[in-house]
Amino acid sequence: MNYKLIIIEDDPIFTFLLEKGIDHAELQGEILNFSNGKPAIEHLSNSYSKSHNYIIFLDLNMPIMNGWEFMDKLESIATTDNCMVFVLTSSAYRDDIERLKKKSLVSDFVTKPITEFHLKGIKDTIIEKFGKNGII
């Protein structure tokens with residue numbers, strides 16, 4: 001299977017740093033960037049395939065379509081068989097964490113800023129679920 005690494009984040013500096021971190025963590029696959037959930041969900045609605053594994057890095061607080069709205073729509077498209085969502089947020093509110101734990105597609109959440117330690121944990125989680133396919 002091939003990885004689709006999807007970054008949904010409205011901060012271009014954070015997106016750039018996350019891409020560098022993904023490269024450093026040696027996660028391989030096609031990287032797609034979206035500045036909010038609307039174009040991302042449109043893309044996934046048209047191209048979601050069981051022949052790919054999807055790793056989604058999702059910011060919660062974005063204009064137009066936020067991460068919560070995106071997750072509500074994603075749940076009708078994606079399955080846990082080949083999709084993992086890592087929520088990236090500056091919000092560490094207990095209510096947000098509890099809501100995230102109830103979403104089956106959410107593998108973990110990371111409070112910004114993301115570090116090499118976080119990316120290592122994400123990589124380990126991906127390997128645990130999908131094996132080393134797509135990872136050097």
# chains A, B, ... in the order shown; residues from 1 in each chain; ligands from 1

call {"tool": "residues_around", "arguments": {"residues": "Leu32 of chain A", "least_positions_apart": "5", "cutoff": "8 Å", "atoms": "only C-alpha atoms", "output": "PDB file with N, CA, C and O atoms, in the first residue's frame"}}
result
ATOM      1  N   LYS A   4      -0.706   8.185   1.818  1.00  0.00           N
ATOM      2  CA  LYS A   4      -1.108   9.537   1.488  1.00  0.00           C
ATOM      3  C   LYS A   4      -0.978  10.305   2.792  1.00  0.00           C
ATOM      4  O   LYS A   4      -1.697  10.040   3.757  1.00  0.00           O
ATOM      5  N   LEU A   5      -0.016  11.216   2.857  1.00  0.00           N
ATOM      6  CA  LEU A   5       0.223  12.031   4.043  1.00  0.00           C
ATOM      7  C   LEU A   5      -0.481  13.367   3.814  1.00  0.00           C
ATOM      8  O   LEU A   5      -0.069  14.152   2.967  1.00  0.00           O
ATOM      9  N   ILE A   6      -1.544  13.595   4.539  1.00  0.00           N
ATOM     10  CA  ILE A   6      -2.384  14.771   4.311  1.00  0.00           C
ATOM     11  C   ILE A   6      -2.244  15.715   5.500  1.00  0.00           C
ATOM     12  O   ILE A   6      -2.489  15.332   6.640  1.00  0.00           O
ATOM     13  N   ILE A   7      -1.820  16.931   5.189  1.00  0.00           N
ATOM     14  CA  ILE A   7      -1.675  17.977   6.207  1.00  0.00           C
ATOM     15  C   ILE A   7      -2.805  18.977   6.010  1.00  0.00           C
ATOM     16  O   ILE A   7      -2.942  19.563   4.932  1.00  0.00           O
TER      17      ILE A   7
END

call {"tool": "residues_around", "arguments": {"residues": "Glu69 of chain A", "least_positions_apart": "6", "cutoff": "12 Å", "atoms": "only C-alpha atoms", "output": "list in words"}}
result
Asn36, Gly37, Lys38, Ala40, Ile41, Leu58, Asp59, Leu60, Asn61, Met62, Pro63, Glu75 and Ser76 of chain A

call {"tool": "residues_around", "arguments": {"residues": "segment 47-53 of chain A", "least_positions_apart": "4", "cutoff": "9 Å", "atoms": "only C-alpha atoms", "output": "list in words"}}
result
Met1, Asn2, Tyr3, Lys4, Leu5, Glu42, His43, Ile77, Ala78, Thr79, Asp81, Asn82, Cys83, Met84 and Phe130 of chain A

call {"tool": "write_last_selection", "arguments": {"atoms": "all heavy atoms", "output": "compact mmCIF listing (two decimals), in the first residue's frame"}}
result
# COMPACT_ATOMS: atom_id res chain seq x y z
N MET A 1 0.83 -1.20 0.00
CA MET A 1 0.00 0.00 0.00
C MET A 1 0.87 1.25 0.00
O MET A 1 1.98 1.23 0.50
CB MET A 1 -0.90 0.02 1.23
CG MET A 1 -2.04 -0.92 1.17
SD MET A 1 -3.33 -0.41 2.32
CE MET A 1 -4.57 -1.55 1.80
N ASN A 2 0.31 2.31 -0.53
CA ASN A 2 0.98 3.59 -0.56
C ASN A 2 0.40 4.50 0.52
O ASN A 2 -0.79 4.44 0.79
CB ASN A 2 0.77 4.28 -1.91
CG ASN A 2 1.36 3.48 -3.04
OD1 ASN A 2 2.48 3.02 -2.94
ND2 ASN A 2 0.60 3.31 -4.10
N TYR A 3 1.26 5.37 1.08
CA TYR A 3 0.79 6.35 2.06
C TYR A 3 0.38 7.63 1.36
O TYR A 3 1.04 8.10 0.45
CB TYR A 3 1.89 6.70 3.07
CG TYR A 3 2.10 5.66 4.12
CD1 TYR A 3 3.37 5.19 4.39
CD2 TYR A 3 1.05 5.16 4.86
CE1 TYR A 3 3.59 4.24 5.36
CE2 TYR A 3 1.25 4.21 5.83
CZ TYR A 3 2.52 3.75 6.08
OH TYR A 3 2.72 2.80 7.04
N LYS A 4 -0.71 8.18 1.82
CA LYS A 4 -1.11 9.54 1.49
C LYS A 4 -0.98 10.31 2.79
O LYS A 4 -1.70 10.04 3.76
CB LYS A 4 -2.55 9.59 1.00
CG LYS A 4 -2.83 8.81 -0.25
CD LYS A 4 -2.34 9.52 -1.47
CE LYS A 4 -2.76 8.75 -2.71
NZ LYS A 4 -2.36 9.41 -3.92
N LEU A 5 -0.02 11.22 2.86
CA LEU A 5 0.22 12.03 4.04
C LEU A 5 -0.48 13.37 3.81
O LEU A 5 -0.07 14.15 2.97
CB LEU A 5 1.71 12.22 4.26
CG LEU A 5 2.52 10.93 4.41
CD1 LEU A 5 4.00 11.16 4.21
CD2 LEU A 5 2.25 10.30 5.75
N GLU A 42 -13.27 17.61 0.24
CA GLU A 42 -13.66 17.49 -1.17
C GLU A 42 -12.71 16.54 -1.89
O GLU A 42 -13.14 15.67 -2.66
CB GLU A 42 -13.68 18.86 -1.84
CG GLU A 42 -14.84 19.73 -1.38
CD GLU A 42 -14.75 21.17 -1.83
OE1 GLU A 42 -13.73 21.58 -2.44
OE2 GLU A 42 -15.72 21.92 -1.56
N HIS A 43 -11.41 16.70 -1.64
CA HIS A 43 -10.42 15.81 -2.25
C HIS A 43 -10.67 14.36 -1.84
O HIS A 43 -10.70 13.46 -2.68
CB HIS A 43 -9.00 16.24 -1.86
CG HIS A 43 -7.95 15.27 -2.28
ND1 HIS A 43 -7.49 15.19 -3.58
CD2 HIS A 43 -7.31 14.31 -1.58
CE1 HIS A 43 -6.60 14.22 -3.66
NE2 HIS A 43 -6.46 13.67 -2.45
N ILE A 77 -16.74 8.87 5.18
CA ILE A 77 -15.95 8.49 4.01
C ILE A 77 -14.92 7.42 4.35
O ILE A 77 -14.78 6.43 3.64
CB ILE A 77 -15.21 9.73 3.44
CG1 ILE A 77 -16.19 10.80 2.98
CG2 ILE A 77 -14.26 9.33 2.31
CD1 ILE A 77 -15.54 12.12 2.67
N ALA A 78 -14.18 7.65 5.42
CA ALA A 78 -13.00 6.84 5.74
C ALA A 78 -13.33 5.73 6.73
O ALA A 78 -14.35 5.78 7.43
CB ALA A 78 -11.91 7.74 6.31
N THR A 79 -12.43 4.76 6.80
CA THR A 79 -12.55 3.69 7.79
C THR A 79 -11.23 3.59 8.56
O THR A 79 -10.19 4.04 8.10
CB THR A 79 -12.82 2.32 7.13
OG1 THR A 79 -11.64 1.89 6.44
CG2 THR A 79 -13.99 2.38 6.18
N ASP A 81 -9.64 1.01 8.90
CA ASP A 81 -8.79 0.01 8.25
C ASP A 81 -7.57 0.64 7.57
O ASP A 81 -6.50 0.03 7.52
CB ASP A 81 -9.57 -0.78 7.20
CG ASP A 81 -10.66 -1.63 7.80
OD1 ASP A 81 -10.55 -1.99 8.99
OD2 ASP A 81 -11.62 -1.95 7.07
N ASN A 82 -7.74 1.83 7.02
CA ASN A 82 -6.63 2.44 6.27
C ASN A 82 -6.50 3.94 6.49
O ASN A 82 -5.91 4.64 5.68
CB ASN A 82 -6.76 2.14 4.78
CG ASN A 82 -7.94 2.82 4.13
OD1 ASN A 82 -8.96 3.07 4.77
ND2 ASN A 82 -7.81 3.12 2.86
N CYS A 83 -7.02 4.44 7.60
CA CYS A 83 -6.93 5.88 7.86
C CYS A 83 -6.63 6.12 9.34
O CYS A 83 -7.25 5.52 10.22
CB CYS A 83 -8.24 6.56 7.48
SG CYS A 83 -8.21 8.35 7.65
N MET A 84 -5.67 7.01 9.58
CA MET A 84 -5.30 7.43 10.92
C MET A 84 -5.26 8.95 10.94
O MET A 84 -4.68 9.56 10.04
CB MET A 84 -3.91 6.90 11.31
CG MET A 84 -3.78 5.40 11.27
SD MET A 84 -2.07 4.88 11.59
CE MET A 84 -2.04 5.04 13.37
N PHE A 130 0.12 -0.27 10.55
CA PHE A 130 0.27 -0.62 9.15
C PHE A 130 1.53 -1.43 8.84
O PHE A 130 1.75 -1.81 7.70
CB PHE A 130 0.27 0.63 8.26
CG PHE A 130 -1.01 1.41 8.30
CD1 PHE A 130 -0.98 2.78 8.46
CD2 PHE A 130 -2.24 0.78 8.15
CE1 PHE A 130 -2.16 3.52 8.47
CE2 PHE A 130 -3.41 1.51 8.17
CZ PHE A 130 -3.38 2.88 8.32

call {"tool": "select_by_dssp", "arguments": {"residues": "segment 3-62 of chain A", "states": "strand (DSSP E or B)", "output": "VMD selection string"}}
result
chain A and resid 3 to 8 27 30 to 34 52 to 59

call {"tool": "atom_distance", "arguments": {"atom1": "atom CA of Pro39 of chain A", "atom2": "atom CA of Val85 of chain A"}}
result
16.6 Å

call {"tool": "closest_residue", "arguments": {"among": "A:Lys129, A:Leu119, A:Asp124, A:Val87", "to": "Gly21 of chain A", "atoms": "only C-alpha atoms"}}
result
A:Leu119

call {"tool": "decode", "arguments": {"residues": "chain A", "atoms": "C-alpha atoms", "output": "PDB file, in the first residue's frame"}}
result
ATOM      1  CA  MET A   1       0.000   0.000   0.000  1.00  0.00           C
ATOM      2  CA  ASN A   2       0.985   3.595  -0.559  1.00  0.00           C
ATOM      3  CA  TYR A   3       0.793   6.346   2.055  1.00  0.00           C
ATOM      4  CA  LYS A   4      -1.108   9.537   1.488  1.00  0.00           C
ATOM      5  CA  LEU A   5       0.223  12.031   4.043  1.00  0.00           C
ATOM      6  CA  ILE A   6      -2.384  14.771   4.311  1.00  0.00           C
ATOM      7  CA  ILE A   7      -1.675  17.977   6.207  1.00  0.00           C
ATOM      8  CA  ILE A   8      -4.693  20.135   7.003  1.00  0.00           C
ATOM      9  CA  GLU A   9      -3.296  23.267   8.618  1.00  0.00           C
ATOM     10  CA  ASP A  10      -3.848  26.986   8.038  1.00  0.00           C
ATOM     11  CA  ASP A  11      -0.442  28.146   9.303  1.00  0.00           C
ATOM     12  CA  PRO A  12       2.087  27.959   6.435  1.00  0.00           C
ATOM     13  CA  ILE A  13       5.084  28.124   8.788  1.00  0.00           C
ATOM     14  CA  PHE A  14       3.800  25.213  10.869  1.00  0.00           C
ATOM     15  CA  THR A  15       3.026  23.294   7.654  1.00  0.00           C
ATOM     16  CA  PHE A  16       6.592  23.850   6.423  1.00  0.00           C
ATOM     17  CA  LEU A  17       8.044  22.683   9.743  1.00  0.00           C
ATOM     18  CA  LEU A  18       5.758  19.642   9.817  1.00  0.00           C
ATOM     19  CA  GLU A  19       6.830  18.676   6.293  1.00  0.00           C
ATOM     20  CA  LYS A  20      10.477  18.891   7.383  1.00  0.00           C
ATOM     21  CA  GLY A  21       9.676  16.785  10.442  1.00  0.00           C
ATOM     22  CA  ILE A  22       7.890  14.174   8.308  1.00  0.00           C
ATOM     23  CA  ASP A  23      10.931  14.010   6.060  1.00  0.00           C
ATOM     24  CA  HIS A  24      13.265  13.713   9.059  1.00  0.00           C
ATOM     25  CA  ALA A  25      11.090  10.940  10.544  1.00  0.00           C
ATOM     26  CA  GLU A  26      11.406   9.154   7.184  1.00  0.00           C
ATOM     27  CA  LEU A  27       7.698   8.807   6.554  1.00  0.00           C
ATOM     28  CA  GLN A  28       7.330   8.300   2.840  1.00  0.00           C
ATOM     29  CA  GLY A  29       4.402   8.934   0.590  1.00  0.00           C
ATOM     30  CA  GLU A  30       2.598  11.598  -1.315  1.00  0.00           C
ATOM     31  CA  ILE A  31       2.190  14.745   0.808  1.00  0.00           C
ATOM     32  CA  LEU A  32      -0.917  16.818   0.207  1.00  0.00           C
ATOM     33  CA  ASN A  33      -1.473  20.194   1.900  1.00  0.00           C
ATOM     34  CA  PHE A  34      -4.780  21.905   2.558  1.00  0.00           C
ATOM     35  CA  SER A  35      -5.289  25.191   4.410  1.00  0.00           C
ATOM     36  CA  ASN A  36      -8.668  24.142   5.850  1.00  0.00           C
ATOM     37  CA  GLY A  37     -10.968  21.151   5.975  1.00  0.00           C
ATOM     38  CA  LYS A  38     -13.206  22.064   3.024  1.00  0.00           C
ATOM     39  CA  PRO A  39     -10.807  21.362   0.126  1.00  0.00           C
ATOM     40  CA  ALA A  40      -9.400  18.396   2.045  1.00  0.00           C
ATOM     41  CA  ILE A  41     -12.798  16.716   2.469  1.00  0.00           C
ATOM     42  CA  GLU A  42     -13.661  17.489  -1.174  1.00  0.00           C
ATOM     43  CA  HIS A  43     -10.419  15.811  -2.248  1.00  0.00           C
ATOM     44  CA  LEU A  44     -11.042  12.773  -0.058  1.00  0.00           C
ATOM     45  CA  SER A  45     -14.680  12.524  -1.174  1.00  0.00           C
ATOM     46  CA  ASN A  46     -13.485  12.220  -4.765  1.00  0.00           C
ATOM     47  CA  SER A  47     -10.363  10.095  -4.338  1.00  0.00           C
ATOM     48  CA  TYR A  48     -10.536   8.003  -1.152  1.00  0.00           C
ATOM     49  CA  SER A  49      -9.391   4.479  -1.960  1.00  0.00           C
ATOM     50  CA  LYS A  50      -8.915   1.302   0.030  1.00  0.00           C
ATOM     51  CA  SER A  51      -5.642   0.784  -1.851  1.00  0.00           C
ATOM     52  CA  HIS A  52      -3.972   3.596   0.103  1.00  0.00           C
ATOM     53  CA  ASN A  53      -3.198   4.183   3.748  1.00  0.00           C
ATOM     54  CA  TYR A  54      -4.092   7.716   4.828  1.00  0.00           C
ATOM     55  CA  ILE A  55      -2.152   9.522   7.523  1.00  0.00           C
ATOM     56  CA  ILE A  56      -3.899  12.805   8.273  1.00  0.00           C
ATOM     57  CA  PHE A  57      -2.374  15.603  10.332  1.00  0.00           C
ATOM     58  CA  LEU A  58      -5.320  17.786  11.302  1.00  0.00           C
ATOM     59  CA  ASP A  59      -5.410  21.209  12.923  1.00  0.00           C
ATOM     60  CA  LEU A  60      -8.629  21.869  14.843  1.00  0.00           C
ATOM     61  CA  ASN A  61      -8.823  25.659  14.675  1.00  0.00           C
ATOM     62  CA  MET A  62      -9.033  26.799  11.054  1.00  0.00           C
ATOM     63  CA  PRO A  63     -11.248  29.159   9.067  1.00  0.00           C
ATOM     64  CA  ILE A  64     -13.950  28.027   6.600  1.00  0.00           C
ATOM     65  CA  MET A  65     -14.116  24.384   7.794  1.00  0.00           C
ATOM     66  CA  ASN A  66     -12.473  23.610  11.116  1.00  0.00           C
ATOM     67  CA  GLY A  67     -11.101  20.271  12.246  1.00  0.00           C
ATOM     68  CA  TRP A  68     -14.261  19.264  14.101  1.00  0.00           C
ATOM     69  CA  GLU A  69     -16.409  19.804  11.006  1.00  0.00           C
ATOM     70  CA  PHE A  70     -13.849  17.951   8.899  1.00  0.00           C
ATOM     71  CA  MET A  71     -13.906  14.968  11.284  1.00  0.00           C
ATOM     72  CA  ASP A  72     -17.708  14.793  11.161  1.00  0.00           C
ATOM     73  CA  LYS A  73     -17.593  14.520   7.364  1.00  0.00           C
ATOM     74  CA  LEU A  74     -14.538  12.243   7.255  1.00  0.00           C
ATOM     75  CA  GLU A  75     -16.308   9.638   9.396  1.00  0.00           C
ATOM     76  CA  SER A  76     -18.779   9.031   6.554  1.00  0.00           C
ATOM     77  CA  ILE A  77     -15.948   8.490   4.006  1.00  0.00           C
ATOM     78  CA  ALA A  78     -13.003   6.839   5.741  1.00  0.00           C
ATOM     79  CA  THR A  79     -12.547   3.690   7.791  1.00  0.00           C
ATOM     80  CA  THR A  80     -10.101   2.777  10.515  1.00  0.00           C
ATOM     81  CA  ASP A  81      -8.786   0.009   8.246  1.00  0.00           C
ATOM     82  CA  ASN A  82      -6.634   2.435   6.274  1.00  0.00           C
ATOM     83  CA  CYS A  83      -6.934   5.876   7.865  1.00  0.00           C
ATOM     84  CA  MET A  84      -5.304   7.428  10.925  1.00  0.00           C
ATOM     85  CA  VAL A  85      -5.832  11.000  12.096  1.00  0.00           C
ATOM     86  CA  PHE A  86      -3.318  12.811  14.278  1.00  0.00           C
ATOM     87  CA  VAL A  87      -4.903  15.959  15.633  1.00  0.00           C
ATOM     88  CA  LEU A  88      -2.568  18.939  15.951  1.00  0.00           C
ATOM     89  CA  THR A  89      -3.854  21.656  18.205  1.00  0.00           C
ATOM     90  CA  SER A  90      -2.813  24.514  20.405  1.00  0.00           C
ATOM     91  CA  SER A  91      -5.811  23.660  22.580  1.00  0.00           C
ATOM     92  CA  ALA A  92      -5.166  21.241  25.420  1.00  0.00           C
ATOM     93  CA  TYR A  93      -8.597  21.580  26.994  1.00  0.00           C
ATOM     94  CA  ARG A  94      -9.863  18.466  28.745  1.00  0.00           C
ATOM     95  CA  ASP A  95     -13.207  18.663  26.906  1.00  0.00           C
ATOM     96  CA  ASP A  96     -11.412  18.649  23.542  1.00  0.00           C
ATOM     97  CA  ILE A  97      -9.298  15.665  24.573  1.00  0.00           C
ATOM     98  CA  GLU A  98     -12.372  13.735  25.717  1.00  0.00           C
ATOM     99  CA  ARG A  99     -14.217  14.488  22.469  1.00  0.00           C
ATOM    100  CA  LEU A 100     -11.185  13.346  20.469  1.00  0.00           C
ATOM    101  CA  LYS A 101     -10.962  10.044  22.328  1.00  0.00           C
ATOM    102  CA  LYS A 102     -14.481   9.208  21.114  1.00  0.00           C
ATOM    103  CA  LYS A 103     -13.541   9.560  17.440  1.00  0.00           C
ATOM    104  CA  SER A 104     -12.500   6.142  16.116  1.00  0.00           C
ATOM    105  CA  LEU A 105     -10.350   7.604  13.327  1.00  0.00           C
ATOM    106  CA  VAL A 106      -8.294   9.700  15.758  1.00  0.00           C
ATOM    107  CA  SER A 107      -5.125   7.829  16.644  1.00  0.00           C
ATOM    108  CA  ASP A 108      -3.645  10.524  18.850  1.00  0.00           C
ATOM    109  CA  PHE A 109      -3.504  14.237  19.437  1.00  0.00           C
ATOM    110  CA  VAL A 110      -0.457  16.428  19.716  1.00  0.00           C
ATOM    111  CA  THR A 111      -0.361  19.848  21.335  1.00  0.00           C
ATOM    112  CA  LYS A 112       1.607  22.313  19.216  1.00  0.00           C
ATOM    113  CA  PRO A 113       4.446  22.861  18.703  1.00  0.00           C
ATOM    114  CA  ILE A 114       5.193  19.389  17.369  1.00  0.00           C
ATOM    115  CA  THR A 115       8.621  18.028  18.213  1.00  0.00           C
ATOM    116  CA  GLU A 116      10.878  15.245  16.986  1.00  0.00           C
ATOM    117  CA  PHE A 117       9.722  13.247  20.024  1.00  0.00           C
ATOM    118  CA  HIS A 118       6.077  13.617  18.909  1.00  0.00           C
ATOM    119  CA  LEU A 119       6.926  12.550  15.361  1.00  0.00           C
ATOM    120  CA  LYS A 120       8.785   9.483  16.632  1.00  0.00           C
ATOM    121  CA  GLY A 121       5.681   8.512  18.601  1.00  0.00           C
ATOM    122  CA  ILE A 122       3.499   9.077  15.533  1.00  0.00           C
ATOM    123  CA  LYS A 123       5.835   6.950  13.422  1.00  0.00           C
ATOM    124  CA  ASP A 124       5.725   4.160  16.021  1.00  0.00           C
ATOM    125  CA  THR A 125       1.908   4.306  16.028  1.00  0.00           C
ATOM    126  CA  ILE A 126       1.814   4.078  12.223  1.00  0.00           C
ATOM    127  CA  ILE A 127       4.207   1.108  12.219  1.00  0.00           C
ATOM    128  CA  GLU A 128       2.132  -0.616  14.884  1.00  0.00           C
ATOM    129  CA  LYS A 129      -0.989  -0.297  12.727  1.00  0.00           C
ATOM    130  CA  PHE A 130       0.268  -0.625   9.151  1.00  0.00           C
ATOM    131  CA  GLY A 131       3.692  -2.246   9.548  1.00  0.00           C
ATOM    132  CA  LYS A 132       6.823  -0.789   8.000  1.00  0.00           C
ATOM    133  CA  ASN A 133       5.246  -0.351   4.575  1.00  0.00           C
ATOM    134  CA  GLY A 134       6.048   3.190   3.450  1.00  0.00           C
ATOM    135  CA  ILE A 135       8.608   3.767   6.191  1.00  0.00           C
ATOM    136  CA  ILE A 136      12.349   3.475   5.685  1.00  0.00           C
TER     137      ILE A 136
END
